[in-house]
>>> print(open('data_30.cif').read())   # mmCIF, C-alpha atoms and all ligand atoms
data_run
loop_
_atom_site.label_atom_id
_atom_site.label_comp_id
_atom_site.auth_asym_id
_atom_site.auth_seq_id
_atom_site.Cartn_x
_atom_site.Cartn_y
_atom_site.Cartn_z
CA MET J 1071 126.50 104.76 135.76
CA SER J 1072 124.50 101.52 135.59
CA ASP J 1073 124.23 99.63 132.31
CA ARG J 1074 121.12 97.86 133.60
CA THR J 1075 118.79 98.84 130.77
CA GLY J 1076 116.12 97.33 128.51
CA ILE J 1077 114.51 94.18 129.96
CA PHE J 1078 116.62 94.56 133.15
CA ALA J 1079 115.66 98.19 133.86
CA GLY J 1080 113.73 99.33 136.94
CA ASP J 1081 113.92 99.67 140.71
CA ASP J 1082 111.48 96.88 141.59
CA PRO J 1083 112.53 93.27 140.94
CA PHE J 1084 108.93 92.07 141.36
CA ALA J 1085 107.85 94.39 138.52
CA ILE J 1086 110.64 93.00 136.32
CA ALA J 1087 109.56 89.43 137.15
CA ARG J 1088 105.92 90.27 136.36
CA SER J 1089 106.91 91.83 133.06
CA TRP J 1090 109.06 88.84 132.02
CA LEU J 1091 106.25 86.43 132.98
CA ALA J 1092 103.75 88.47 130.93
CA GLU J 1093 106.04 88.16 127.91
CA ALA J 1094 106.42 84.41 128.51
CA GLU J 1095 102.62 84.03 128.63
CA ASP J 1096 102.62 85.03 124.94
CA THR J 1097 105.57 82.89 123.87
CA GLU J 1098 105.59 79.66 125.93
CA THR J 1099 103.68 76.61 124.65
CA ASN J 1100 102.27 75.86 128.11
CA ASP J 1101 102.69 76.59 131.82
CA PRO J 1102 104.81 79.77 131.57
CA ASN J 1103 104.35 80.02 135.37
CA ALA J 1104 105.87 76.60 136.12
CA ILE J 1105 108.72 76.88 138.63
CA ALA J 1106 111.24 74.29 139.78
CA LEU J 1107 110.89 74.59 143.55
CA SER J 1108 113.83 73.50 145.65
CA THR J 1109 113.86 72.57 149.33
CA VAL J 1110 116.19 70.60 151.60
CA ASP J 1111 115.38 67.80 154.02
CA THR J 1112 116.63 67.56 157.59
CA ASN J 1113 119.86 65.88 156.40
CA GLY J 1114 120.57 68.75 154.03
CA MET J 1115 119.66 66.59 151.03
CA PRO J 1116 118.23 68.85 148.27
CA ASN J 1117 114.86 68.15 146.70
CA VAL J 1118 113.20 69.71 143.67
CA ARG J 1119 109.83 69.53 141.86
CA MET J 1120 107.68 71.69 139.62
CA VAL J 1121 104.81 73.79 140.99
CA LEU J 1122 102.78 76.60 139.47
CA LEU J 1123 103.51 80.17 140.52
CA LYS J 1124 100.11 81.72 141.15
CA ASP J 1125 100.96 85.28 142.14
CA ILE J 1126 103.78 87.78 142.19
CA GLU J 1127 102.93 90.13 145.04
CA ASP J 1128 104.62 93.37 146.07
CA ASP J 1129 107.10 91.44 148.20
CA GLY J 1130 106.86 87.77 147.34
CA PHE J 1131 105.93 84.81 145.18
CA VAL J 1132 102.97 82.54 145.94
CA PHE J 1133 102.19 78.91 145.07
CA PHE J 1134 99.65 76.40 146.41
CA THR J 1135 100.03 72.84 147.59
CA ASN J 1136 99.11 70.20 150.16
CA TYR J 1137 100.47 70.95 153.66
CA GLY J 1138 100.99 67.22 154.24
CA SER J 1139 103.31 66.89 151.24
CA VAL J 1140 107.06 66.35 151.37
CA LYS J 1141 107.74 69.87 150.11
CA ALA J 1142 105.51 71.30 152.86
CA SER J 1143 107.28 69.42 155.64
CA GLU J 1144 110.67 70.49 154.28
CA ILE J 1145 109.59 74.12 154.02
CA ASP J 1146 107.95 74.07 157.46
CA ALA J 1147 111.16 72.67 158.98
CA THR J 1148 113.56 75.13 157.35
CA GLY J 1149 111.45 78.19 156.54
CA ARG J 1150 113.42 78.48 153.29
CA ALA J 1151 113.10 77.60 149.62
CA ALA J 1152 114.52 78.45 146.24
CA PHE J 1153 113.09 78.26 142.75
CA VAL J 1154 113.97 78.84 139.15
CA LEU J 1155 111.75 79.93 136.27
CA HIS J 1156 113.11 79.09 132.82
CA TRP J 1157 111.53 80.08 129.53
CA LYS J 1158 112.96 78.27 126.52
CA SER J 1159 111.06 80.58 124.16
CA LEU J 1160 112.66 83.70 125.67
CA ARG J 1161 115.97 82.09 126.64
CA ARG J 1162 115.72 83.68 130.07
CA GLN J 1163 115.67 82.53 133.67
CA ILE J 1164 114.84 84.00 137.06
CA ARG J 1165 116.32 82.48 140.21
CA VAL J 1166 114.90 83.16 143.66
CA ARG J 1167 116.05 82.22 147.18
CA GLY J 1168 114.07 83.26 150.20
CA ILE J 1169 112.13 82.98 153.40
CA VAL J 1170 108.82 81.13 153.31
CA ARG J 1171 105.61 81.48 155.27
CA ARG J 1172 102.22 79.84 154.87
CA GLU J 1173 99.53 81.71 152.98
CA ASP J 1174 96.55 79.97 154.56
CA GLY J 1175 93.97 82.72 155.06
CA GLU J 1176 91.59 84.58 152.78
CA LYS J 1177 94.00 84.51 149.85
CA ALA J 1178 94.14 80.71 149.90
CA ASP J 1179 90.33 80.54 150.23
CA THR J 1180 89.91 82.86 147.24
CA TYR J 1181 92.29 80.88 145.07
CA TYR J 1182 90.73 77.57 146.14
CA ARG J 1183 87.26 78.88 145.22
CA SER J 1184 88.53 79.94 141.77
CA ARG J 1185 89.45 76.34 140.88
CA SER J 1186 87.15 73.92 139.07
CA LEU J 1187 84.93 71.75 141.28
CA LYS J 1188 86.85 68.63 140.22
CA SER J 1189 90.16 70.24 141.25
CA ARG J 1190 88.67 71.34 144.58
CA LEU J 1191 87.45 67.81 145.25
CA GLY J 1192 90.76 66.40 144.04
CA ALA J 1193 92.54 68.45 146.69
CA TRP J 1194 90.28 66.84 149.31
CA ALA J 1195 90.88 63.34 147.94
CA SER J 1196 94.68 63.38 147.61
CA ARG J 1197 97.02 62.71 150.54
CA GLN J 1198 99.81 64.18 148.45
CA SER J 1199 103.17 62.38 148.58
CA GLN J 1200 101.77 59.48 150.68
CA PRO J 1201 101.85 55.95 149.19
CA LEU J 1202 98.72 55.01 147.21
CA SER J 1203 97.69 51.39 146.67
CA SER J 1204 96.08 51.94 143.24
CA ARG J 1205 94.42 54.46 140.91
CA THR J 1206 91.12 52.74 141.79
CA ALA J 1207 91.66 53.56 145.46
CA LEU J 1208 92.18 57.23 144.57
CA MET J 1209 89.00 57.33 142.46
CA ALA J 1210 87.08 55.71 145.34
CA GLU J 1211 88.37 58.49 147.61
CA VAL J 1212 87.23 61.10 145.05
CA ALA J 1213 83.75 59.52 145.04
CA LYS J 1214 83.70 59.52 148.85
CA VAL J 1215 84.67 63.19 149.23
CA THR J 1216 82.26 64.16 146.43
CA ALA J 1217 79.41 62.62 148.43
CA GLN J 1218 80.64 64.25 151.65
CA GLN J 1219 81.53 67.72 150.36
CA GLY J 1220 78.87 68.31 147.70
CA THR J 1221 79.16 71.04 145.09
CA ASP J 1222 80.65 73.82 147.22
CA PRO J 1223 83.50 72.33 149.24
CA ALA J 1224 85.38 74.54 151.70
CA ARG J 1225 89.17 74.65 151.38
CA PRO J 1226 90.68 71.71 153.26
CA GLU J 1227 92.81 72.80 156.22
CA PHE J 1228 95.62 70.64 154.84
CA TRP J 1229 95.76 72.57 151.55
CA GLY J 1230 96.89 76.16 150.98
CA GLY J 1231 99.60 78.50 149.84
CA TYR J 1232 103.18 79.41 150.57
CA HIS J 1233 104.63 82.89 150.19
CA ILE J 1234 108.34 83.14 149.34
CA ALA J 1235 109.87 86.48 150.30
CA PRO J 1236 113.19 86.62 148.44
CA LEU J 1237 116.53 87.65 149.87
CA GLU J 1238 118.04 87.06 146.45
CA ILE J 1239 116.69 87.30 142.90
CA GLU J 1240 118.78 86.81 139.79
CA PHE J 1241 117.66 87.78 136.30
CA TRP J 1242 119.47 86.00 133.44
CA ALA J 1243 119.11 86.50 129.70
CA ASP J 1244 120.85 84.64 126.94
CA GLY J 1245 123.59 86.52 125.13
CA ALA J 1246 125.54 85.82 121.94
CA PHE J 1247 128.51 83.42 122.29
CA ARG J 1248 127.44 82.46 125.83
CA LEU J 1249 128.12 86.02 126.99
CA HIS J 1250 124.87 86.15 128.91
CA ASP J 1251 123.58 89.06 130.99
CA ARG J 1252 123.08 88.44 134.71
CA PHE J 1253 121.95 90.79 137.45
CA ARG J 1254 121.72 89.63 141.05
CA TRP J 1255 119.52 91.53 143.50
CA THR J 1256 120.24 90.85 147.18
CA ARG J 1257 119.05 92.24 150.50
CA ASP J 1258 120.00 91.38 154.08
CA GLU J 1259 116.44 91.03 155.32
CA VAL J 1260 112.94 91.14 153.94
CA GLY J 1261 111.84 94.77 153.67
CA THR J 1262 115.34 96.25 153.46
CA GLU J 1263 117.05 97.89 150.52
CA TRP J 1264 118.12 95.89 147.47
CA HIS J 1265 121.70 95.82 146.17
CA VAL J 1266 122.13 94.98 142.51
CA VAL J 1267 125.29 93.63 140.94
CA ARG J 1268 126.06 92.54 137.40
CA LEU J 1269 127.64 89.08 137.33
CA ASN J 1270 129.95 87.39 134.91
CA PRO J 1271 128.09 84.95 132.70
C1 LIG B 1 104.07 71.60 135.45
C2 LIG B 1 103.75 71.08 136.84
C3 LIG B 1 103.06 71.88 137.71
C4 LIG B 1 102.76 71.43 139.00
N1 LIG B 1 102.14 72.27 139.87
C5 LIG B 1 101.94 71.89 141.15
C6 LIG B 1 101.41 72.81 142.10
O1 LIG B 1 101.11 73.98 141.80
N2 LIG B 1 101.25 72.37 143.38
C7 LIG B 1 101.58 71.10 143.77
O2 LIG B 1 101.39 70.78 144.94
N3 LIG B 1 102.11 70.22 142.89
C8 LIG B 1 102.30 70.59 141.60
N4 LIG B 1 102.87 69.69 140.70
C9 LIG B 1 103.26 68.35 141.19
C10 LIG B 1 104.62 68.45 141.89
O3 LIG B 1 105.66 68.53 140.94
C11 LIG B 1 104.89 67.26 142.84
O4 LIG B 1 104.76 66.04 142.13
C12 LIG B 1 103.95 67.23 144.04
O5 LIG B 1 103.63 68.53 144.50
C13 LIG B 1 104.56 66.42 145.19
O6 LIG B 1 105.80 66.97 145.56
P1 LIG B 1 106.49 66.67 146.98
O7 LIG B 1 106.32 65.20 147.23
O8 LIG B 1 107.91 67.06 146.83
O9 LIG B 1 105.77 67.50 148.00
C14 LIG B 1 103.15 70.13 139.40
C15 LIG B 1 103.86 69.31 138.49
C16 LIG B 1 104.16 69.78 137.22
C17 LIG B 1 104.94 68.90 136.29
#
>>> encode(input="data_30.cif", output="structure tokens", more="lines below")
Ligand SMILES: Cc1cc2nc3c(=O)[nH]c(=O)nc-3n(C[C@H](O)[C@H](O)[C@H](O)COP(=O)(O)O)c2cc1C
Amino acid sequence: MSDRTGIFAGDDPFAIARSWLAEAEDTETNDPNAIALSTVDTNGMPNVRMVLLKDIEDDGFVFFTNYGSVKASEIDATGRAAFVLHWKSLRRQIRVRGIVRREDGEKADTYYRSRSLKSRLGAWASRQSQPLSSRTALMAEVAKVTAQQGTDPARPEFWGGYHIAPLEIEFWADGAFRLHDRFRWTRDEVGTEWHVVRLNP
């Protein structure tokens, strides 16, 4: 009989993740959806940076970025990424490792349209992760794209989403005397059955 009860209960790890994130939205000071996103370069050197998780779908996690960025080239080369969500207020973390594909259709258009005009123009102006001579040069680029794109810019082709379909999700919650609770969900392939195991802290 499983002792996976309380905040760990349920058959759907995406529902558990959504429920933990909803709790964190009430308790975190800011950015409860900030994830540390990890990739590796072609030499196997790890890389990590924060991005904002924008959706937890039925079978994956979605964030948005510039397709010319370092993270994008590392993801496009490997098709894999990992991330961790940590909430200090809840003393919990969720770890995810999975297979990544671009989310560059209607969903990306819809999210892009939902952003403020300044953010939409900012996406046009920034060659993310490329060297920049000065802040003034960036502001000049913003002025240029503002004149070109007007008040209803279309989503740039070089900007969109990524969808991470996990093969592994681990839910961790702080326990007294460092005796934390951990449950690891794994599956062999996307779309197949999950196996859940309790881990030592
Ligand atoms: C809290 C936080 C949220 C961020 N969210 C995003 C995001 O959603 N998308 C993004 O491209 N960069 C985001 N950034 C900036 C990235 O951390 C990073 O500087 C940028 O994407 C370039 O990374 P790269 O050179 O590894 O591609 C965020 C930074 C912080 C601190």
>>> atom_distance(input="data_30.cif", atom1="CA of Phe1253 (chain J)", atom2="CA of Phe1078 (chain J)")
7.8 Å
>>> closest_atom_pairs(input="data_30.cif", of="chain J", to="ligand LIG 1 (chain B)", cutoff="7 Å", atoms="all atoms listed in the file", output="Markdown table")
| residue | atom | partner | partner_atom | distance |
| --- | --- | --- | --- | --- |
| J:Asp1101 | CA | B:LIG1 | C1 | 6.3 |
| J:Ala1104 | CA | B:LIG1 | C1 | 5.4 |
| J:Val1118 | CA | B:LIG1 | O8 | 6.7 |
| J:Arg1119 | CA | B:LIG1 | O3 | 4.4 |
| J:Met1120 | CA | B:LIG1 | O3 | 4.0 |
| J:Val1121 | CA | B:LIG1 | N1 | 3.3 |
| J:Leu1122 | CA | B:LIG1 | O1 | 3.9 |
| J:Leu1123 | CA | B:LIG1 | O1 | 6.8 |
| J:Phe1133 | CA | B:LIG1 | O1 | 6.0 |
| J:Phe1134 | CA | B:LIG1 | N2 | 5.3 |
| J:Thr1135 | CA | B:LIG1 | O2 | 3.6 |
| J:Asn1136 | CA | B:LIG1 | O2 | 5.7 |
| J:Ser1139 | CA | B:LIG1 | O9 | 4.1 |
| J:Val1140 | CA | B:LIG1 | O9 | 3.8 |
| J:Lys1141 | CA | B:LIG1 | O9 | 3.7 |
| J:Ala1142 | CA | B:LIG1 | O9 | 6.2 |
| J:Gln1198 | CA | B:LIG1 | C13 | 6.2 |
| J:Ser1199 | CA | B:LIG1 | O7 | 4.4 |
>>> atom_distance(input="data_30.cif", atom1="CA of Glu1173 (chain J)", atom2="CA of Lys1188 (chain J)")
22.2 Å
>>> residues_around(input="data_30.cif", residues="Asp1073 (chain J)", least_positions_apart="6", cutoff="12 Å", atoms="all atoms listed in the file", output="list in words")
Ala1079, Gly1080, Asp1251, Arg1252, Phe1253, Val1266, Val1267 and Arg1268 of chain J
>>> closest_residue(input="data_30.cif", among="J:Glu1227, J:Asp1128, J:Glu1238, J:Asp1222", to="Leu1191 (chain J)", atoms="all atoms listed in the file")
J:Asp1222
>>> closest_residue(input="data_30.cif", among="J:Trp1229, J:Phe1241, J:Tyr1181, J:Trp1264", to="Trp1194 (chain J)", atoms="all atoms listed in the file")
J:Trp1229
>>> atom_distance(input="data_30.cif", atom1="CA of Thr1221 (chain J)", atom2="CA of Ser1196 (chain J)")
17.5 Å
>>> closest_residue(input="data_30.cif", among="J:Thr1109, J:Ser1089, J:Ser1184, J:Gln1163", to="Ala1147 (chain J)", atoms="only C-alpha atoms")
J:Thr1109
>>> axis_aligned_box(input="data_30.cif", around="region 1167-1177 of chain J", padding_each_side="8 Å", output="lines of an AutoDock Vina configuration file")
center_x = 103.8
center_y = 82.2
center_z = 151.2
size_x = 40.5
size_y = 20.7
size_z = 24.1
>>> residues_near_point(input="data_30.cif", point="(111.8, 81.6, 127.4)", cutoff="10 Å", atoms="all atoms listed in the file", output="MDAnalysis selection string")
chainID J and resid 1090:1091 1093:1095 1097:1099 1102 1155:1163 1243:1244
>>> residues_near_point(input="data_30.cif", point="(93.5, 63.1, 146.1)", cutoff="12 Å", atoms="all atoms listed in the file", output="ChimeraX atom specification")
/J:1135-1136,1138-1139,1188-1202,1204-1216,1226,1228-1229
>>> write_last_selection(input="data_30.cif", atoms="C-alpha atoms", output="PDB file, in the frame of the given file")
ATOM      1  CA  THR J1135     100.030  72.840 147.590  1.00  0.00           C
ATOM      2  CA  ASN J1136      99.110  70.200 150.160  1.00  0.00           C
ATOM      3  CA  GLY J1138     100.990  67.220 154.240  1.00  0.00           C
ATOM      4  CA  SER J1139     103.310  66.890 151.240  1.00  0.00           C
ATOM      5  CA  LYS J1188      86.850  68.630 140.220  1.00  0.00           C
ATOM      6  CA  SER J1189      90.160  70.240 141.250  1.00  0.00           C
ATOM      7  CA  ARG J1190      88.670  71.340 144.580  1.00  0.00           C
ATOM      8  CA  LEU J1191      87.450  67.810 145.250  1.00  0.00           C
ATOM      9  CA  GLY J1192      90.760  66.400 144.040  1.00  0.00           C
ATOM     10  CA  ALA J1193      92.540  68.450 146.690  1.00  0.00           C
ATOM     11  CA  TRP J1194      90.280  66.840 149.310  1.00  0.00           C
ATOM     12  CA  ALA J1195      90.880  63.340 147.940  1.00  0.00           C
ATOM     13  CA  SER J1196      94.680  63.380 147.610  1.00  0.00           C
ATOM     14  CA  ARG J1197      97.020  62.710 150.540  1.00  0.00           C
ATOM     15  CA  GLN J1198      99.810  64.180 148.450  1.00  0.00           C
ATOM     16  CA  SER J1199     103.170  62.380 148.580  1.00  0.00           C
ATOM     17  CA  GLN J1200     101.770  59.480 150.680  1.00  0.00           C
ATOM     18  CA  PRO J1201     101.850  55.950 149.190  1.00  0.00           C
ATOM     19  CA  LEU J1202      98.720  55.010 147.210  1.00  0.00           C
ATOM     20  CA  SER J1204      96.080  51.940 143.240  1.00  0.00           C
ATOM     21  CA  ARG J1205      94.420  54.460 140.910  1.00  0.00           C
ATOM     22  CA  THR J1206      91.120  52.740 141.790  1.00  0.00           C
ATOM     23  CA  ALA J1207      91.660  53.560 145.460  1.00  0.00           C
ATOM     24  CA  LEU J1208      92.180  57.230 144.570  1.00  0.00           C
ATOM     25  CA  MET J1209      89.000  57.330 142.460  1.00  0.00           C
ATOM     26  CA  ALA J1210      87.080  55.710 145.340  1.00  0.00           C
ATOM     27  CA  GLU J1211      88.370  58.490 147.610  1.00  0.00           C
ATOM     28  CA  VAL J1212      87.230  61.100 145.050  1.00  0.00           C
ATOM     29  CA  ALA J1213      83.750  59.520 145.040  1.00  0.00           C
ATOM     30  CA  LYS J1214      83.700  59.520 148.850  1.00  0.00           C
ATOM     31  CA  VAL J1215      84.670  63.190 149.230  1.00  0.00           C
ATOM     32  CA  THR J1216      82.260  64.160 146.430  1.00  0.00           C
ATOM     33  CA  PRO J1226      90.680  71.710 153.260  1.00  0.00           C
ATOM     34  CA  PHE J1228      95.620  70.640 154.840  1.00  0.00           C
ATOM     35  CA  TRP J1229      95.760  72.570 151.550  1.00  0.00           C
TER      36      TRP J1229
END
>>> closest_residue(input="data_30.cif", among="J:Leu1187, J:Arg1150, J:Asn1270, J:Ala1085", to="Arg1167 (chain J)", atoms="all atoms listed in the file")
J:Arg1150
>>> closest_residue(input="data_30.cif", among="J:Phe1247, J:Gly1114, J:Gly1168, J:Glu1127", to="Phe1084 (chain J)", atoms="all atoms listed in the file")
J:Glu1127
>>> closest_residue(input="data_30.cif", among="J:Pro1271, J:Gly1076, J:Gly1261, J:Pro1083", to="Arg1248 (chain J)", atoms="all atoms listed in the file")
J:Pro1271
>>> build_atoms(input="data_30.cif", residues="region 1224-1250 of chain J", atoms="N, CA and C atoms", output="mmCIF file, in the coordinates of the input")
data_model
loop_
_atom_site.group_PDB
_atom_site.id
_atom_site.type_symbol
_atom_site.label_atom_id
_atom_site.label_comp_id
_atom_site.auth_asym_id
_atom_site.auth_seq_id
_atom_site.Cartn_x
_atom_site.Cartn_y
_atom_site.Cartn_z
ATOM 1 N N ALA J 1224 84.488 73.540 151.092
ATOM 2 C CA ALA J 1224 85.380 74.540 151.700
ATOM 3 C C ALA J 1224 86.821 74.081 151.480
ATOM 4 N N ARG J 1225 87.750 75.022 151.528
ATOM 5 C CA ARG J 1225 89.170 74.650 151.380
ATOM 6 C C ARG J 1225 89.576 73.731 152.523
ATOM 7 N N PRO J 1226 90.206 72.583 152.173
ATOM 8 C CA PRO J 1226 90.680 71.710 153.260
ATOM 9 C C PRO J 1226 91.753 72.422 154.088
ATOM 10 N N GLU J 1227 91.780 72.153 155.382
ATOM 11 C CA GLU J 1227 92.810 72.800 156.220
ATOM 12 C C GLU J 1227 94.218 72.357 155.828
ATOM 13 N N PHE J 1228 94.293 71.172 155.191
ATOM 14 C CA PHE J 1228 95.620 70.640 154.840
ATOM 15 C C PHE J 1228 96.067 71.094 153.449
ATOM 16 N N TRP J 1229 95.413 72.089 152.905
ATOM 17 C CA TRP J 1229 95.760 72.570 151.550
ATOM 18 C C TRP J 1229 95.780 74.098 151.580
ATOM 19 N N GLY J 1230 96.833 74.695 151.005
ATOM 20 C CA GLY J 1230 96.890 76.160 150.980
ATOM 21 C C GLY J 1230 98.146 76.641 150.280
ATOM 22 N N GLY J 1231 98.502 77.887 150.566
ATOM 23 C CA GLY J 1231 99.600 78.500 149.840
ATOM 24 C C GLY J 1231 100.868 78.634 150.655
ATOM 25 N N TYR J 1232 101.931 78.971 149.949
ATOM 26 C CA TYR J 1232 103.180 79.410 150.570
ATOM 27 C C TYR J 1232 103.618 80.700 149.876
ATOM 28 N N HIS J 1233 104.168 81.592 150.681
ATOM 29 C CA HIS J 1233 104.630 82.890 150.190
ATOM 30 C C HIS J 1233 106.154 82.926 150.378
ATOM 31 N N ILE J 1234 106.876 83.085 149.272
ATOM 32 C CA ILE J 1234 108.340 83.140 149.340
ATOM 33 C C ILE J 1234 108.765 84.596 149.227
ATOM 34 N N ALA J 1235 109.351 85.109 150.296
ATOM 35 C CA ALA J 1235 109.870 86.480 150.300
ATOM 36 C C ALA J 1235 111.368 86.402 149.996
ATOM 37 N N PRO J 1236 111.795 86.844 148.834
ATOM 38 C CA PRO J 1236 113.190 86.620 148.440
ATOM 39 C C PRO J 1236 114.190 87.490 149.196
ATOM 40 N N LEU J 1237 115.355 86.888 149.448
ATOM 41 C CA LEU J 1237 116.530 87.650 149.870
ATOM 42 C C LEU J 1237 117.462 87.810 148.677
ATOM 43 N N GLU J 1238 117.204 87.029 147.643
ATOM 44 C CA GLU J 1238 118.040 87.060 146.450
ATOM 45 C C GLU J 1238 117.184 86.751 145.220
ATOM 46 N N ILE J 1239 117.342 87.562 144.188
ATOM 47 C CA ILE J 1239 116.690 87.300 142.900
ATOM 48 C C ILE J 1239 117.720 87.552 141.808
ATOM 49 N N GLU J 1240 117.859 86.593 140.913
ATOM 50 C CA GLU J 1240 118.780 86.810 139.790
ATOM 51 C C GLU J 1240 118.024 86.728 138.463
ATOM 52 N N PHE J 1241 118.244 87.740 137.642
ATOM 53 C CA PHE J 1241 117.660 87.780 136.300
ATOM 54 C C PHE J 1241 118.762 87.457 135.290
ATOM 55 N N TRP J 1242 118.482 86.519 134.404
ATOM 56 C CA TRP J 1242 119.470 86.000 133.440
ATOM 57 C C TRP J 1242 118.847 86.026 132.055
ATOM 58 N N ALA J 1243 119.591 86.544 131.087
ATOM 59 C CA ALA J 1243 119.110 86.500 129.700
ATOM 60 C C ALA J 1243 120.243 86.064 128.798
ATOM 61 N N ASP J 1244 119.880 85.216 127.855
ATOM 62 C CA ASP J 1244 120.850 84.640 126.940
ATOM 63 C C ASP J 1244 121.540 85.726 126.115
ATOM 64 N N GLY J 1245 122.847 85.587 125.973
ATOM 65 C CA GLY J 1245 123.590 86.520 125.130
ATOM 66 C C GLY J 1245 124.380 85.769 124.083
ATOM 67 N N ALA J 1246 124.786 86.464 123.021
ATOM 68 C CA ALA J 1246 125.540 85.820 121.940
ATOM 69 C C ALA J 1246 126.836 85.235 122.480
ATOM 70 N N PHE J 1247 127.241 84.084 121.954
ATOM 71 C CA PHE J 1247 128.510 83.420 122.290
ATOM 72 C C PHE J 1247 128.629 83.141 123.790
ATOM 73 N N ARG J 1248 127.475 82.795 124.398
ATOM 74 C CA ARG J 1248 127.440 82.460 125.830
ATOM 75 C C ARG J 1248 127.817 83.644 126.733
ATOM 76 N N LEU J 1249 127.811 84.845 126.160
ATOM 77 C CA LEU J 1249 128.120 86.020 126.990
ATOM 78 C C LEU J 1249 126.794 86.585 127.506
ATOM 79 N N HIS J 1250 126.199 85.827 128.421
ATOM 80 C CA HIS J 1250 124.870 86.150 128.910
ATOM 81 C C HIS J 1250 124.906 87.366 129.844
#
